[in-house]
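For reference, the structure discussed in these notes is given below.
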Amino acid sequence: MLVPAARDLRIALAAYADAVIRDERCPTPASARAREDATFTLCVMTGTRDPREAVARTEAWLAGKNVPVGGCEATPADIGLIGQSVSDDPATVAPAA
């Protein structure tokens, strides 16, 4: 699984929290849809189906903890590699063009 960049995780988590608060304060069809969209986005980014698990996984990643993802562990080092490409030599990592 690709691990999202920390910046993207923070944005998705903030959008989710904002959508939940807005929907709970003044529920409307638009706020419910925004909440569904934010929930879907956060779950997809974290490889989960439950928003509580998605939030917990996001917070763990942002805190620098290793988190199991689909049978693998995503480490803080994995998150740091986002936005970089690997050359033909597996030992060489270069910034993405």
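Labeling convention for the structure tokens: chains A, B, ... as they appear, residues from 1 per chain, ligands from 1 in order of appearance.
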Please list as a list in words every residue within 6 Å of stretch 6-18 of chain A, counting only C-alpha atoms and excluding residues in the same chain fewer than 2 positions away. Val20, Ile21, Ala38 and Leu42 of chain A
Mind writing the picked residues with N, CA and C atoms as a short mmCIF file (atom, residue, chain, number, x, y, z; two decimals), in the first residue's frame?
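Output file result.cif is given in full below:
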data_model
loop_
_atom_site.label_atom_id
_atom_site.label_comp_id
_atom_site.auth_asym_id
_atom_site.auth_seq_id
_atom_site.Cartn_x
_atom_site.Cartn_y
_atom_site.Cartn_z
N VAL A 20 -17.37 16.52 10.45
CA VAL A 20 -18.12 15.90 11.55
C VAL A 20 -18.72 16.98 12.45
N ILE A 21 -17.92 17.97 12.80
CA ILE A 21 -18.40 19.05 13.67
C ILE A 21 -19.55 19.80 13.02
N ALA A 38 -15.65 13.19 3.37
CA ALA A 38 -14.44 13.29 4.20
C ALA A 38 -14.12 11.94 4.83
N LEU A 42 -10.61 9.80 4.06
CA LEU A 42 -9.70 9.39 5.13
C LEU A 42 -9.56 7.88 5.17
#
Any idea what's packed within 10 Å of A:Ala54, counting only C-alpha atoms, ignoring anything in its chain fewer than 6 positions away? Could you give it as a PyMOL selection string? chain A and resi 13+39-48+60
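Note that the spacing between atom CA of A:Glu59 and atom CA of A:Ala19 amounts to 17.5 Å.
Pairwise distance (atom CA of A:Asp23, atom CA of A:Pro51) equals 15.0 Å.
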What does the structure give for the distance between atom CA of A:Ser31 and atom CA of A:Arg49, in Å to one decimal? 20.3 Å
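The nearest approach to A:Arg22 among the residues A:Leu2, A:Ala56, A:Ala63, A:Ala34, with only C-alpha atoms taken into account, belongs to A:Ala34.
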